[in-house]
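Data from protein_31.pdb: PDB, C-alpha atoms
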ATOM      1  CA  MET A 371      15.309   8.835 -13.379
ATOM      2  CA  GLY A 372      16.957   8.067 -16.717
ATOM      3  CA  LYS A 373      19.496   5.790 -15.047
ATOM      4  CA  ASP A 374      20.980   2.835 -16.875
ATOM      5  CA  PRO A 375      19.325  -0.491 -16.059
ATOM      6  CA  LYS A 376      21.208  -2.563 -13.535
ATOM      7  CA  PRO A 377      20.561  -5.899 -11.838
ATOM      8  CA  ALA A 378      18.346  -5.744  -8.781
ATOM      9  CA  PRO A 379      20.239  -6.580  -5.590
ATOM     10  CA  ILE A 380      17.118  -8.313  -4.306
ATOM     11  CA  ARG A 381      14.566 -10.683  -5.857
ATOM     12  CA  VAL A 382      11.194  -9.021  -6.342
ATOM     13  CA  SER A 383       7.974 -10.954  -6.929
ATOM     14  CA  VAL A 384       5.033  -9.006  -8.357
ATOM     15  CA  VAL A 385       1.553 -10.077  -7.223
ATOM     16  CA  ILE A 386      -1.365  -8.941  -9.398
ATOM     17  CA  PRO A 387      -4.862  -9.818  -8.088
ATOM     18  CA  THR A 388      -7.545  -9.465 -10.731
ATOM     19  CA  TYR A 389     -11.271  -9.946 -11.184
ATOM     20  CA  ASN A 390     -12.905  -9.357 -14.570
ATOM     21  CA  ARG A 391     -10.313  -6.784 -15.628
ATOM     22  CA  ALA A 392      -8.984  -8.456 -18.764
ATOM     23  CA  ALA A 393      -9.189  -5.170 -20.667
ATOM     24  CA  ASP A 394      -6.799  -3.499 -18.202
ATOM     25  CA  LEU A 395      -4.561  -6.415 -17.289
ATOM     26  CA  ARG A 396      -2.265  -6.213 -20.326
ATOM     27  CA  ARG A 397      -1.352  -2.609 -19.479
ATOM     28  CA  ALA A 398      -0.446  -3.650 -15.935
ATOM     29  CA  LEU A 399       1.638  -6.571 -17.192
ATOM     30  CA  ASP A 400       3.389  -4.384 -19.765
ATOM     31  CA  SER A 401       4.340  -1.898 -17.054
ATOM     32  CA  VAL A 402       5.993  -4.698 -15.043
ATOM     33  CA  SER A 403       7.912  -5.986 -18.061
ATOM     34  CA  LEU A 404       9.253  -2.465 -18.735
ATOM     35  CA  GLN A 405      10.822  -2.060 -15.275
ATOM     36  CA  THR A 406      14.450  -0.898 -15.361
ATOM     37  CA  VAL A 407      15.468  -3.735 -13.045
ATOM     38  CA  PRO A 408      14.713  -7.435 -13.561
ATOM     39  CA  ILE A 409      11.622  -8.861 -11.861
ATOM     40  CA  ALA A 410      12.035 -12.363 -10.423
ATOM     41  CA  GLU A 411       8.454 -13.449 -11.156
ATOM     42  CA  ILE A 412       4.987 -12.164 -11.953
ATOM     43  CA  ILE A 413       2.086 -13.898 -10.216
ATOM     44  CA  VAL A 414      -1.429 -13.199 -11.501
ATOM     45  CA  VAL A 415      -4.151 -14.373  -9.117
ATOM     46  CA  ASP A 416      -7.455 -14.634 -10.945
ATOM     47  CA  ASP A 417     -10.168 -14.243  -8.318
ATOM     48  CA  GLY A 418     -12.883 -16.120 -10.209
ATOM     49  CA  SER A 419     -13.080 -13.957 -13.353
ATOM     50  CA  THR A 420     -15.732 -14.755 -15.943
ATOM     51  CA  ASP A 421     -14.087 -12.784 -18.773
ATOM     52  CA  ASN A 422     -11.020 -13.692 -20.873
ATOM     53  CA  THR A 423      -8.434 -13.019 -18.168
ATOM     54  CA  ARG A 424      -6.807 -16.432 -18.646
ATOM     55  CA  ASP A 425      -6.371 -15.762 -22.384
ATOM     56  CA  VAL A 426      -4.722 -12.380 -21.748
ATOM     57  CA  VAL A 427      -2.197 -13.994 -19.411
ATOM     58  CA  SER A 428      -1.460 -16.862 -21.807
ATOM     59  CA  GLN A 429      -1.003 -14.469 -24.719
ATOM     60  CA  PHE A 430       1.509 -12.432 -22.755
ATOM     61  CA  GLY A 431       3.848 -15.403 -23.022
ATOM     62  CA  ARG A 432       6.581 -14.451 -20.595
ATOM     63  CA  GLY A 433       6.550 -17.138 -17.970
ATOM     64  CA  ILE A 434       3.849 -15.623 -15.789
ATOM     65  CA  VAL A 435       2.557 -17.703 -12.891
ATOM     66  CA  TYR A 436      -1.230 -17.878 -13.283
ATOM     67  CA  LEU A 437      -3.349 -18.940 -10.306
ATOM     68  CA  HIS A 438      -7.123 -19.282 -10.453
ATOM     69  CA  GLN A 439      -9.448 -19.428  -7.461
ATOM     70  CA  ASP A 440     -13.137 -19.128  -6.729
ATOM     71  CA  ASN A 441     -14.095 -15.527  -6.012
ATOM     72  CA  ALA A 442     -12.962 -14.768  -2.457
ATOM     73  CA  GLY A 443     -12.052 -11.070  -2.516
ATOM     74  CA  VAL A 444      -8.895  -9.068  -3.129
ATOM     75  CA  ALA A 445      -7.347  -9.792   0.289
ATOM     76  CA  ALA A 446      -7.583 -13.534  -0.275
ATOM     77  CA  ALA A 447      -6.199 -13.148  -3.803
ATOM     78  CA  ARG A 448      -3.196 -11.171  -2.579
ATOM     79  CA  ASN A 449      -2.584 -13.702   0.192
ATOM     80  CA  ARG A 450      -2.655 -16.516  -2.372
ATOM     81  CA  GLY A 451       0.008 -14.668  -4.326
ATOM     82  CA  ILE A 452       2.124 -14.089  -1.224
ATOM     83  CA  GLY A 453       1.990 -17.808  -0.479
ATOM     84  CA  ALA A 454       3.199 -18.651  -3.980
ATOM     85  CA  ALA A 455       5.912 -15.989  -4.187
ATOM     86  CA  THR A 456       9.589 -16.926  -3.972
ATOM     87  CA  GLY A 457      11.105 -13.433  -3.947
ATOM     88  CA  GLU A 458      12.486 -11.728  -0.839
ATOM     89  CA  TRP A 459      10.271  -8.738  -1.614
ATOM     90  CA  ILE A 460       6.712  -8.562  -2.919
ATOM     91  CA  ALA A 461       5.373  -5.651  -4.946
ATOM     92  CA  PHE A 462       1.593  -5.446  -5.319
ATOM     93  CA  LEU A 463      -0.108  -4.162  -8.453
ATOM     94  CA  ASP A 464      -3.877  -4.020  -8.920
ATOM     95  CA  SER A 465      -4.780  -5.027 -12.449
ATOM     96  CA  ASP A 466      -6.318  -1.647 -13.388
ATOM     97  CA  ASP A 467      -3.215   0.269 -12.204
ATOM     98  CA  TRP A 468       0.263   0.481 -13.719
ATOM     99  CA  TRP A 469       3.826   1.587 -12.949
ATOM    100  CA  MET A 470       6.377   3.955 -14.440
ATOM    101  CA  PRO A 471       9.478   2.041 -15.652
ATOM    102  CA  GLU A 472      11.712   3.175 -12.766
ATOM    103  CA  LYS A 473       9.241   2.368  -9.969
ATOM    104  CA  ILE A 474      10.866  -0.784  -8.582
ATOM    105  CA  GLN A 475      14.403   0.549  -9.047
ATOM    106  CA  LEU A 476      13.609   3.674  -7.019
ATOM    107  CA  GLN A 477      12.017   1.582  -4.279
ATOM    108  CA  ILE A 478      15.083  -0.634  -4.067
ATOM    109  CA  GLU A 479      17.289   2.440  -3.749
ATOM    110  CA  ALA A 480      15.017   3.907  -1.058
ATOM    111  CA  LEU A 481      15.175   0.650   0.908
ATOM    112  CA  GLN A 482      18.970   0.601   0.661
ATOM    113  CA  ARG A 483      19.063   4.068   2.230
ATOM    114  CA  LYS A 484      16.680   3.150   5.084
ATOM    115  CA  LYS A 485      18.268   0.548   7.333
ATOM    116  CA  GLY A 486      15.853  -2.146   8.503
ATOM    117  CA  ALA A 487      12.937  -0.906   6.395
ATOM    118  CA  ALA A 488      10.342  -3.573   5.618
ATOM    119  CA  LEU A 489       8.130  -1.538   3.277
ATOM    120  CA  ALA A 490       8.641   1.076   0.563
ATOM    121  CA  TYR A 491       5.776   3.154  -0.869
ATOM    122  CA  THR A 492       5.551   5.794  -3.576
ATOM    123  CA  SER A 493       3.679   8.924  -4.562
ATOM    124  CA  ALA A 494       1.057   8.294  -7.221
ATOM    125  CA  TRP A 495      -0.849   9.728 -10.124
ATOM    126  CA  ILE A 496      -4.578   9.469  -9.371
ATOM    127  CA  ILE A 497      -6.425   9.056 -12.650
ATOM    128  CA  SER A 498     -10.189   9.366 -13.076
ATOM    129  CA  ASN A 499     -12.329   7.699 -15.714
ATOM    130  CA  ASP A 500     -12.590  11.012 -17.602
ATOM    131  CA  GLY A 501      -8.797  11.151 -17.898
ATOM    132  CA  THR A 502      -8.174  13.892 -15.356
ATOM    133  CA  ARG A 503      -5.178  13.274 -13.149
ATOM    134  CA  GLU A 504      -3.600  14.673 -10.028
ATOM    135  CA  ILE A 505      -0.601  13.777  -7.898
ATOM    136  CA  ALA A 506      -1.110  12.200  -4.479
ATOM    137  CA  GLN A 507       2.140  13.165  -2.780
ATOM    138  CA  ALA A 508       3.374  10.507  -0.388
ATOM    139  CA  ALA A 509       3.876  11.600   3.208
ATOM    140  CA  GLU A 510       7.271  11.143   4.804
ATOM    141  CA  PRO A 511       7.481   8.057   7.068
ATOM    142  CA  ALA A 512       7.799  10.264  10.172
ATOM    143  CA  GLN A 513       4.369  11.737   9.356
ATOM    144  CA  LEU A 514       2.533   8.426   9.143
ATOM    145  CA  TRP A 515       1.822   7.975  12.842
ATOM    146  CA  PRO A 516      -0.523   8.825  14.501
ATOM    147  CA  ALA A 517      -2.233  10.160  11.346
ATOM    148  CA  MET A 518      -2.626   6.548  10.200
ATOM    149  CA  ARG A 519      -5.229   6.094  12.929
ATOM    150  CA  HIS A 520      -7.755   8.134  10.949
ATOM    151  CA  SER A 521      -6.424   7.841   7.382
ATOM    152  CA  ASN A 522      -4.851   5.277   5.112
ATOM    153  CA  MET A 523      -1.761   7.363   4.389
ATOM    154  CA  ILE A 524      -0.636   5.156   1.486
ATOM    155  CA  THR A 525      -2.593   5.982  -1.668
ATOM    156  CA  SER A 526      -2.851   2.472  -3.094
ATOM    157  CA  THR A 527      -1.582  -1.035  -2.542
ATOM    158  CA  SER A 528      -0.058  -0.661  -6.017
ATOM    159  CA  CYS A 529       2.383   1.852  -4.481
ATOM    160  CA  VAL A 530       3.801  -0.713  -2.048
ATOM    161  CA  MET A 531       6.679  -3.191  -1.963
ATOM    162  CA  VAL A 532       7.068  -5.255   1.232
ATOM    163  CA  ARG A 533       9.586  -7.695   2.645
ATOM    164  CA  ARG A 534       7.982 -11.111   2.346
ATOM    165  CA  GLU A 535       9.091 -12.378   5.774
ATOM    166  CA  ALA A 536       7.451  -9.321   7.421
ATOM    167  CA  LEU A 537       4.195 -10.022   5.579
ATOM    168  CA  VAL A 538       4.195 -13.642   6.679
ATOM    169  CA  ALA A 539       5.069 -12.710  10.281
ATOM    170  CA  GLU A 540       2.118 -10.290  10.434
ATOM    171  CA  GLY A 541      -0.383 -12.687   8.873
ATOM    172  CA  SER A 542      -0.663 -10.762   5.580
ATOM    173  CA  PHE A 543      -4.037  -9.217   4.625
ATOM    174  CA  ASN A 544      -7.123  -9.571   6.815
ATOM    175  CA  GLU A 545      -9.549 -11.492   4.598
ATOM    176  CA  SER A 546     -12.548 -10.573   6.757
ATOM    177  CA  LEU A 547     -12.283  -6.934   5.580
ATOM    178  CA  ALA A 548     -13.720  -6.071   2.162
ATOM    179  CA  VAL A 549     -12.468  -2.472   2.438
ATOM    180  CA  GLY A 550      -9.451  -1.252   4.394
ATOM    181  CA  GLU A 551      -7.584  -4.579   4.372
ATOM    182  CA  ASP A 552      -4.462  -2.728   3.166
ATOM    183  CA  TRP A 553      -4.832   0.039   5.783
ATOM    184  CA  ASP A 554      -5.125  -2.611   8.491
ATOM    185  CA  LEU A 555      -1.910  -4.300   7.319
ATOM    186  CA  TRP A 556       0.108  -1.079   6.977
ATOM    187  CA  ILE A 557      -0.740  -0.180  10.583
ATOM    188  CA  ARG A 558       0.460  -3.578  11.815
ATOM    189  CA  LEU A 559       3.690  -3.263   9.865
ATOM    190  CA  ALA A 560       4.292   0.389  10.834
ATOM    191  CA  GLN A 561       4.189  -0.518  14.524
ATOM    192  CA  LYS A 562       7.126  -2.918  14.097
ATOM    193  CA  TYR A 563       9.242  -1.851  11.124
ATOM    194  CA  PRO A 564      10.647   1.316   9.506
ATOM    195  CA  PHE A 565       9.180   2.391   6.162
ATOM    196  CA  ALA A 566      10.920   4.004   3.177
ATOM    197  CA  VAL A 567       9.367   6.426   0.686
ATOM    198  CA  VAL A 568       9.811   7.273  -2.990
ATOM    199  CA  SER A 569       8.601  10.846  -3.463
ATOM    200  CA  GLU A 570       8.283  10.597  -7.248
ATOM    201  CA  PRO A 571       4.797   9.675  -8.566
ATOM    202  CA  VAL A 572       5.798   6.402 -10.224
ATOM    203  CA  THR A 573       2.495   4.565  -9.665
ATOM    204  CA  ALA A 574      -0.664   5.227 -11.685
ATOM    205  CA  TYR A 575      -3.803   4.581  -9.625
ATOM    206  CA  MET A 576      -7.131   4.382 -11.430
ATOM    207  CA  ILE A 577     -10.261   5.526  -9.620
ATOM    208  CA  THR A 578     -12.913   2.979 -10.542
ATOM    209  CA  PRO A 579     -16.478   4.095  -9.669
ATOM    210  CA  ASN A 580     -17.800   0.571  -8.991
ATOM    211  CA  SER A 581     -14.915  -0.567  -6.792
ATOM    212  CA  LEU A 582     -15.490  -1.552  -3.170
ATOM    213  CA  SER A 583     -13.285   1.306  -1.962
ATOM    214  CA  GLN A 584     -15.793   3.712  -3.528
ATOM    215  CA  ASP A 585     -18.755   2.152  -1.643
ATOM    216  CA  PRO A 586     -19.577   4.667   1.149
ATOM    217  CA  GLU A 587     -21.562   2.321   3.395
ATOM    218  CA  ARG A 588     -19.041  -0.523   3.102
ATOM    219  CA  THR A 589     -16.186   1.885   3.905
ATOM    220  CA  ILE A 590     -17.929   3.079   7.074
ATOM    221  CA  ALA A 591     -18.886  -0.461   8.139
ATOM    222  CA  ASP A 592     -15.356  -1.851   7.778
ATOM    223  CA  THR A 593     -13.873   1.169   9.591
ATOM    224  CA  GLU A 594     -16.190   0.398  12.504
ATOM    225  CA  ARG A 595     -14.888  -3.184  12.515
ATOM    226  CA  MET A 596     -11.302  -1.903  12.741
ATOM    227  CA  LEU A 597     -12.069   0.842  15.225
ATOM    228  CA  GLU A 598     -11.944  -0.727  18.674
ATOM    229  CA  GLY A 599      -8.956  -2.892  17.865
ATOM    230  CA  ARG A 600      -6.440  -1.731  15.275
ATOM    231  CA  LEU A 601      -7.228   1.997  15.081
ATOM    232  CA  LEU A 602      -7.478   2.657  18.818
ATOM    233  CA  CYS A 603      -4.685   0.329  19.919
ATOM    234  CA  GLY A 604      -2.633   1.660  22.822
ATOM    235  CA  LEU A 605      -5.105   4.401  23.752
ATOM    236  CA  GLN A 606      -6.941   4.707  27.055
ATOM    237  CA  GLY A 607      -9.420   7.032  28.720
ATOM    238  CA  SER A 608     -10.162  10.431  27.167
ATOM    239  CA  ALA A 609      -7.559   9.959  24.406
ATOM    240  CA  ARG A 610      -9.406   6.859  23.248
ATOM    241  CA  LEU A 611     -12.759   8.692  23.253
ATOM    242  CA  ILE A 612     -11.323  11.638  21.298
ATOM    243  CA  TRP A 613      -9.637   9.466  18.673
ATOM    244  CA  ARG A 614     -12.748   7.339  18.251
ATOM    245  CA  ARG A 615     -14.773  10.409  17.264
ATOM    246  CA  ARG A 616     -12.008  11.802  15.023
ATOM    247  CA  ILE A 617     -11.616   8.501  13.187
ATOM    248  CA  ARG A 618     -15.360   8.237  12.608
ATOM    249  CA  ALA A 619     -15.486  11.857  11.431
ATOM    250  CA  ALA A 620     -12.648  11.291   8.954
ATOM    251  CA  GLN A 621     -14.049   8.088   7.479
ATOM    252  CA  ILE A 622     -17.610   9.388   7.174
ATOM    253  CA  PHE A 623     -16.191  12.423   5.372
ATOM    254  CA  ARG A 624     -14.328  10.186   2.916
ATOM    255  CA  ALA A 625     -17.522   8.250   2.342
ATOM    256  CA  ALA A 626     -19.237  11.581   1.594
ATOM    257  CA  MET A 627     -16.568  12.380  -0.996
ATOM    258  CA  ASN A 628     -17.145   8.990  -2.619
ATOM    259  CA  ALA A 629     -20.829   9.881  -2.869
ATOM    260  CA  ARG A 630     -20.074  13.258  -4.486
ATOM    261  CA  GLY A 631     -21.549  13.554  -7.955
ATOM    262  CA  VAL A 632     -23.675  10.458  -7.409
ATOM    263  CA  ASP A 633     -26.191  11.321  -4.675
ATOM    264  CA  ARG A 634     -26.131  14.903  -3.339
ATOM    265  CA  ALA A 635     -28.673  14.247  -0.575
ATOM    266  CA  PHE A 636     -26.665  11.257   0.663
ATOM    267  CA  GLU A 637     -23.443  13.294   0.478
ATOM    268  CA  LEU A 638     -25.056  16.030   2.601
ATOM    269  CA  ARG A 639     -26.245  13.546   5.225
ATOM    270  CA  LEU A 640     -22.760  12.070   5.484
ATOM    271  CA  LEU A 641     -21.096  15.491   5.777
ATOM    272  CA  LEU A 642     -23.443  16.408   8.614
ATOM    273  CA  ARG A 643     -22.727  13.075  10.331
ATOM    274  CA  SER A 644     -19.002  13.720  10.047
ATOM    275  CA  LEU A 645     -19.279  17.186  11.569
ATOM    276  CA  ALA A 646     -21.511  15.879  14.349
ATOM    277  CA  GLN A 647     -18.766  13.392  15.304
ATOM    278  CA  TRP A 648     -16.048  16.075  15.446
ATOM    279  CA  PRO A 649     -17.069  19.623  14.457
ATOM    280  CA  SER A 650     -13.726  21.366  15.052
ATOM    281  CA  PRO A 651     -12.573  23.274  11.920
ATOM    282  CA  PHE A 652      -8.982  22.499  12.925
ATOM    283  CA  PHE A 653      -9.515  18.842  11.998
ATOM    284  CA  PHE A 654     -10.089  18.234   8.270
ATOM    285  CA  PHE A 655     -11.189  21.815   7.590
ATOM    286  CA  ARG A 656     -12.065  20.773   4.039
ATOM    287  CA  ARG A 657     -15.163  19.088   5.522
ATOM    288  CA  TRP A 658     -16.627  22.563   6.074
ATOM    289  CA  LYS A 659     -15.659  23.624   2.548
ATOM    290  CA  ALA A 660     -17.296  20.470   1.192
ATOM    291  CA  LEU A 661     -20.459  21.242   3.163
ATOM    292  CA  ALA A 662     -20.602  24.755   1.674
ATOM    293  CA  HIS A 663     -20.123  23.365  -1.844
ATOM    294  CA  CYS A 664     -22.844  20.797  -1.281
ATOM    295  CA  LEU A 665     -25.347  23.341   0.091
ATOM    296  CA  LEU A 666     -24.617  25.764  -2.767
ATOM    297  CA  GLY A 667     -25.100  22.994  -5.322
ATOM    298  CA  ARG A 668     -21.579  23.142  -6.741
TER     299      ARG A 668
END
Translate the structure of the given file into structure tokens.
Amino acid sequence: MGKDPKPAPIRVSVVIPTYNRAADLRRALDSVSLQTVPIAEIIVVDDGSTDNTRDVVSQFGRGIVYLHQDNAGVAAARNRGIGAATGEWIAFLDSDDWWMPEKIQLQIEALQRKKGAALAYTSAWIISNDGTREIAQAAEPAQLWPAMRHSNMITSTSCVMVRREALVAEGSFNESLAVGEDWDLWIRLAQKYPFAVVSEPVTAYMITPNSLSQDPERTIADTERMLEGRLLCGLQGSARLIWRRRIRAAQIFRAAMNARGVDRAFELRLLLRSLAQWPSPFFFFRRWKALAHCLLGR
């Protein structure tokens, strides 16, 4: 950090999908403009907003590509941006998130050190609505598999920069998934290409209570849709049965954590469902701690 700005050796396009987030969009755009390396283009894909998103983009006045479409979901919006991008690499930024100034520069350097890498991801600051923040430390690439079967090991799409030709080759984001479309894509890419990591938390990821990723039932439903195909690929016999139960246990637990503070009875039911799928304390021991907290009313 603190390095002098220098020209990027590669052209980076930034794709920002947005839906009724005009109040946050300027912060995201400012964080792109403050990067310590030049950005080839910024593409804002407005997924049918009814607020003043268009005005925010026009007021920014820095040659941003603005694309509007009828509301079709974040996966479709990102895919629209990928199709319009001209850079060799695409960095994704959700409109309520933002970057530290050195984010893209550090990713470029990480990619230069990792021969053949098609994706670079970062650690992140996770920021709640009340302003509390914690670091989500990125796992090393060697730790991603097979843990990626039961967990999306990359904190946010805003942490990721991907080679465009790899995205196109893999069909980009699965538009039939409302939740987990990024997880699905990272698994496809991880099975074919090396990844690079930036350990510094140079992405700020906002936890938004009304986002789809915080919807417990939708999370469980879309995990079930991924289960027999993407998440269990290459497994047979008893290994497939074991992983199926572990994956369900992990995702139901995450749904329970999304319900925490909102509906204690629902949280308890989900925790019990998770433990029924895979009760071993050696797998996600914090499930048992969460159950104790829930029962004690903490």
Could you tell me, as a compact mmCIF listing (two decimals) with C-alpha atoms, in the coordinates of the input, exactly which residues end up selected when the PyMOL selection byres ((chain A and resi 501) around 12) is applied to this structure?
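So expr-v1.txt came out as:
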# COMPACT_ATOMS: atom_id res chain seq x y z
CA TRP A 495 -0.85 9.73 -10.12
CA ILE A 496 -4.58 9.47 -9.37
CA ILE A 497 -6.42 9.06 -12.65
CA SER A 498 -10.19 9.37 -13.08
CA ASN A 499 -12.33 7.70 -15.71
CA ASP A 500 -12.59 11.01 -17.60
CA THR A 502 -8.17 13.89 -15.36
CA ARG A 503 -5.18 13.27 -13.15
CA GLU A 504 -3.60 14.67 -10.03
CA ALA A 574 -0.66 5.23 -11.68
CA TYR A 575 -3.80 4.58 -9.62
CA MET A 576 -7.13 4.38 -11.43
CA ILE A 577 -10.26 5.53 -9.62
CA THR A 578 -12.91 2.98 -10.54
Check what the PyMOL selection byres ((chain A and resi 405) around 10) selects in the file above and give those residues as a list of chain:residue names.
A:Pro375, A:Asp400, A:Ser401, A:Val402, A:Ser403, A:Leu404, A:Thr406, A:Val407, A:Pro408, A:Ile409, A:Trp469, A:Met470, A:Pro471, A:Glu472, A:Lys473, A:Ile474, A:Gln475
If you keep C-alpha atoms, can you produce a file of those selected residues as a compact mmCIF listing (two decimals), in the frame of the given file?
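Writing the result to result-v5.txt gives the following:
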# COMPACT_ATOMS: atom_id res chain seq x y z
CA PRO A 375 19.32 -0.49 -16.06
CA ASP A 400 3.39 -4.38 -19.76
CA SER A 401 4.34 -1.90 -17.05
CA VAL A 402 5.99 -4.70 -15.04
CA SER A 403 7.91 -5.99 -18.06
CA LEU A 404 9.25 -2.46 -18.74
CA THR A 406 14.45 -0.90 -15.36
CA VAL A 407 15.47 -3.74 -13.04
CA PRO A 408 14.71 -7.44 -13.56
CA ILE A 409 11.62 -8.86 -11.86
CA TRP A 469 3.83 1.59 -12.95
CA MET A 470 6.38 3.96 -14.44
CA PRO A 471 9.48 2.04 -15.65
CA GLU A 472 11.71 3.18 -12.77
CA LYS A 473 9.24 2.37 -9.97
CA ILE A 474 10.87 -0.78 -8.58
CA GLN A 475 14.40 0.55 -9.05
As a ChimeraX atom specification, please: the residues near Ser383 in chain A (cut-off 8 Å, only C-alpha atoms, same-chain neighbours under 4 positions excluded).
/A:409-413,455-461
Quick check, in Å to one decimal: how far apart do CA of Val572 in chain A and CA of Arg534 in chain A lie?
21.7 Å
Using the chain letters and numbers from the file, give me the residues hit by the PyMOL selection byres ((chain A and resi 450) around 12), as a PDB file with C-alpha atoms, keeping the file's coordinate frame.
ATOM      1  CA  VAL A 385       1.553 -10.077  -7.223  1.00  0.00           C
ATOM      2  CA  ILE A 386      -1.365  -8.941  -9.398  1.00  0.00           C
ATOM      3  CA  PRO A 387      -4.862  -9.818  -8.088  1.00  0.00           C
ATOM      4  CA  THR A 388      -7.545  -9.465 -10.731  1.00  0.00           C
ATOM      5  CA  ILE A 413       2.086 -13.898 -10.216  1.00  0.00           C
ATOM      6  CA  VAL A 414      -1.429 -13.199 -11.501  1.00  0.00           C
ATOM      7  CA  VAL A 415      -4.151 -14.373  -9.117  1.00  0.00           C
ATOM      8  CA  ASP A 416      -7.455 -14.634 -10.945  1.00  0.00           C
ATOM      9  CA  ASP A 417     -10.168 -14.243  -8.318  1.00  0.00           C
ATOM     10  CA  VAL A 435       2.557 -17.703 -12.891  1.00  0.00           C
ATOM     11  CA  TYR A 436      -1.230 -17.878 -13.283  1.00  0.00           C
ATOM     12  CA  LEU A 437      -3.349 -18.940 -10.306  1.00  0.00           C
ATOM     13  CA  HIS A 438      -7.123 -19.282 -10.453  1.00  0.00           C
ATOM     14  CA  GLN A 439      -9.448 -19.428  -7.461  1.00  0.00           C
ATOM     15  CA  ASP A 440     -13.137 -19.128  -6.729  1.00  0.00           C
ATOM     16  CA  ALA A 442     -12.962 -14.768  -2.457  1.00  0.00           C
ATOM     17  CA  GLY A 443     -12.052 -11.070  -2.516  1.00  0.00           C
ATOM     18  CA  VAL A 444      -8.895  -9.068  -3.129  1.00  0.00           C
ATOM     19  CA  ALA A 445      -7.347  -9.792   0.289  1.00  0.00           C
ATOM     20  CA  ALA A 446      -7.583 -13.534  -0.275  1.00  0.00           C
ATOM     21  CA  ALA A 447      -6.199 -13.148  -3.803  1.00  0.00           C
ATOM     22  CA  ARG A 448      -3.196 -11.171  -2.579  1.00  0.00           C
ATOM     23  CA  ASN A 449      -2.584 -13.702   0.192  1.00  0.00           C
ATOM     24  CA  GLY A 451       0.008 -14.668  -4.326  1.00  0.00           C
ATOM     25  CA  ILE A 452       2.124 -14.089  -1.224  1.00  0.00           C
ATOM     26  CA  GLY A 453       1.990 -17.808  -0.479  1.00  0.00           C
ATOM     27  CA  ALA A 454       3.199 -18.651  -3.980  1.00  0.00           C
ATOM     28  CA  ALA A 455       5.912 -15.989  -4.187  1.00  0.00           C
ATOM     29  CA  VAL A 538       4.195 -13.642   6.679  1.00  0.00           C
ATOM     30  CA  SER A 542      -0.663 -10.762   5.580  1.00  0.00           C
ATOM     31  CA  PHE A 543      -4.037  -9.217   4.625  1.00  0.00           C
ATOM     32  CA  GLU A 545      -9.549 -11.492   4.598  1.00  0.00           C
TER      33      GLU A 545
END
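From CA of Arg588 in chain A back to CA of Gly418 in chain A, the distance works out to 21.4 Å.
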Go ahead and fit an axis-aligned box to every listed atom of range 596-614 of chain A plus 6 Å each side, and pass me the centre and edge lengths in Å, one decimal, as JSON.
{"center_x": -7.7, "center_y": 4.4, "center_z": 20.7, "size_x": 22.1, "size_y": 26.5, "size_z": 28.0}
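Between CA of Phe623 in chain A and CA of Asn544 in chain A the interatomic distance comes to 23.8 Å.
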For Ile478 in chain A, the closest of A:Met518, A:Ile590, A:Val568, A:Val426 counting all atoms listed in the file is A:Val568
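Among the candidates A:Arg643, A:Gly667, A:Pro571, A:Ala536, the one nearest to Arg630 in chain A when counting all atoms listed in the file is A:Gly667.
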Contacts of Pro564 in chain A at 12 Å or less, counting only C-alpha atoms, minus same-chain residues fewer than 6 places along, as a PDB file with C-alpha atoms, keeping the file's coordinate frame?
ATOM      1  CA  ALA A 480      15.017   3.907  -1.058  1.00  0.00           C
ATOM      2  CA  LEU A 481      15.175   0.650   0.908  1.00  0.00           C
ATOM      3  CA  ARG A 483      19.063   4.068   2.230  1.00  0.00           C
ATOM      4  CA  LYS A 484      16.680   3.150   5.084  1.00  0.00           C
ATOM      5  CA  LYS A 485      18.268   0.548   7.333  1.00  0.00           C
ATOM      6  CA  GLY A 486      15.853  -2.146   8.503  1.00  0.00           C
ATOM      7  CA  ALA A 487      12.937  -0.906   6.395  1.00  0.00           C
ATOM      8  CA  ALA A 488      10.342  -3.573   5.618  1.00  0.00           C
ATOM      9  CA  LEU A 489       8.130  -1.538   3.277  1.00  0.00           C
ATOM     10  CA  ALA A 490       8.641   1.076   0.563  1.00  0.00           C
ATOM     11  CA  TYR A 491       5.776   3.154  -0.869  1.00  0.00           C
ATOM     12  CA  GLU A 510       7.271  11.143   4.804  1.00  0.00           C
ATOM     13  CA  PRO A 511       7.481   8.057   7.068  1.00  0.00           C
ATOM     14  CA  ALA A 512       7.799  10.264  10.172  1.00  0.00           C
ATOM     15  CA  LEU A 514       2.533   8.426   9.143  1.00  0.00           C
ATOM     16  CA  TRP A 515       1.822   7.975  12.842  1.00  0.00           C
ATOM     17  CA  VAL A 532       7.068  -5.255   1.232  1.00  0.00           C
ATOM     18  CA  ARG A 533       9.586  -7.695   2.645  1.00  0.00           C
ATOM     19  CA  ALA A 536       7.451  -9.321   7.421  1.00  0.00           C
ATOM     20  CA  TRP A 556       0.108  -1.079   6.977  1.00  0.00           C
ATOM     21  CA  ILE A 557      -0.740  -0.180  10.583  1.00  0.00           C
ATOM     22  CA  ARG A 558       0.460  -3.578  11.815  1.00  0.00           C
TER      23      ARG A 558
END
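Of the listed residues A:Ala506, A:Val382, A:Leu547, A:Leu601, the one whose atoms come nearest to Gln621 in chain A is A:Leu601, with distances taken using all atoms listed in the file.
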Kindly provide, as a PyMOL selection string, the polymer residues lying within 12 Å of (-8.8, -1.4, 13.4), counting all atoms listed in the file and using the coordinates exactly as they appear in the file.
chain A and resi 518-522+544+546-547+549-558+590-604+614+617-618
Fewer than 2 positions away in the same chain doesn't count, so skip those; otherwise give me all residues within 10 Å of Trp648 in chain A, counting all atoms listed in the file, as a ChimeraX atom specification.
/A:612-620,643-646,650-654
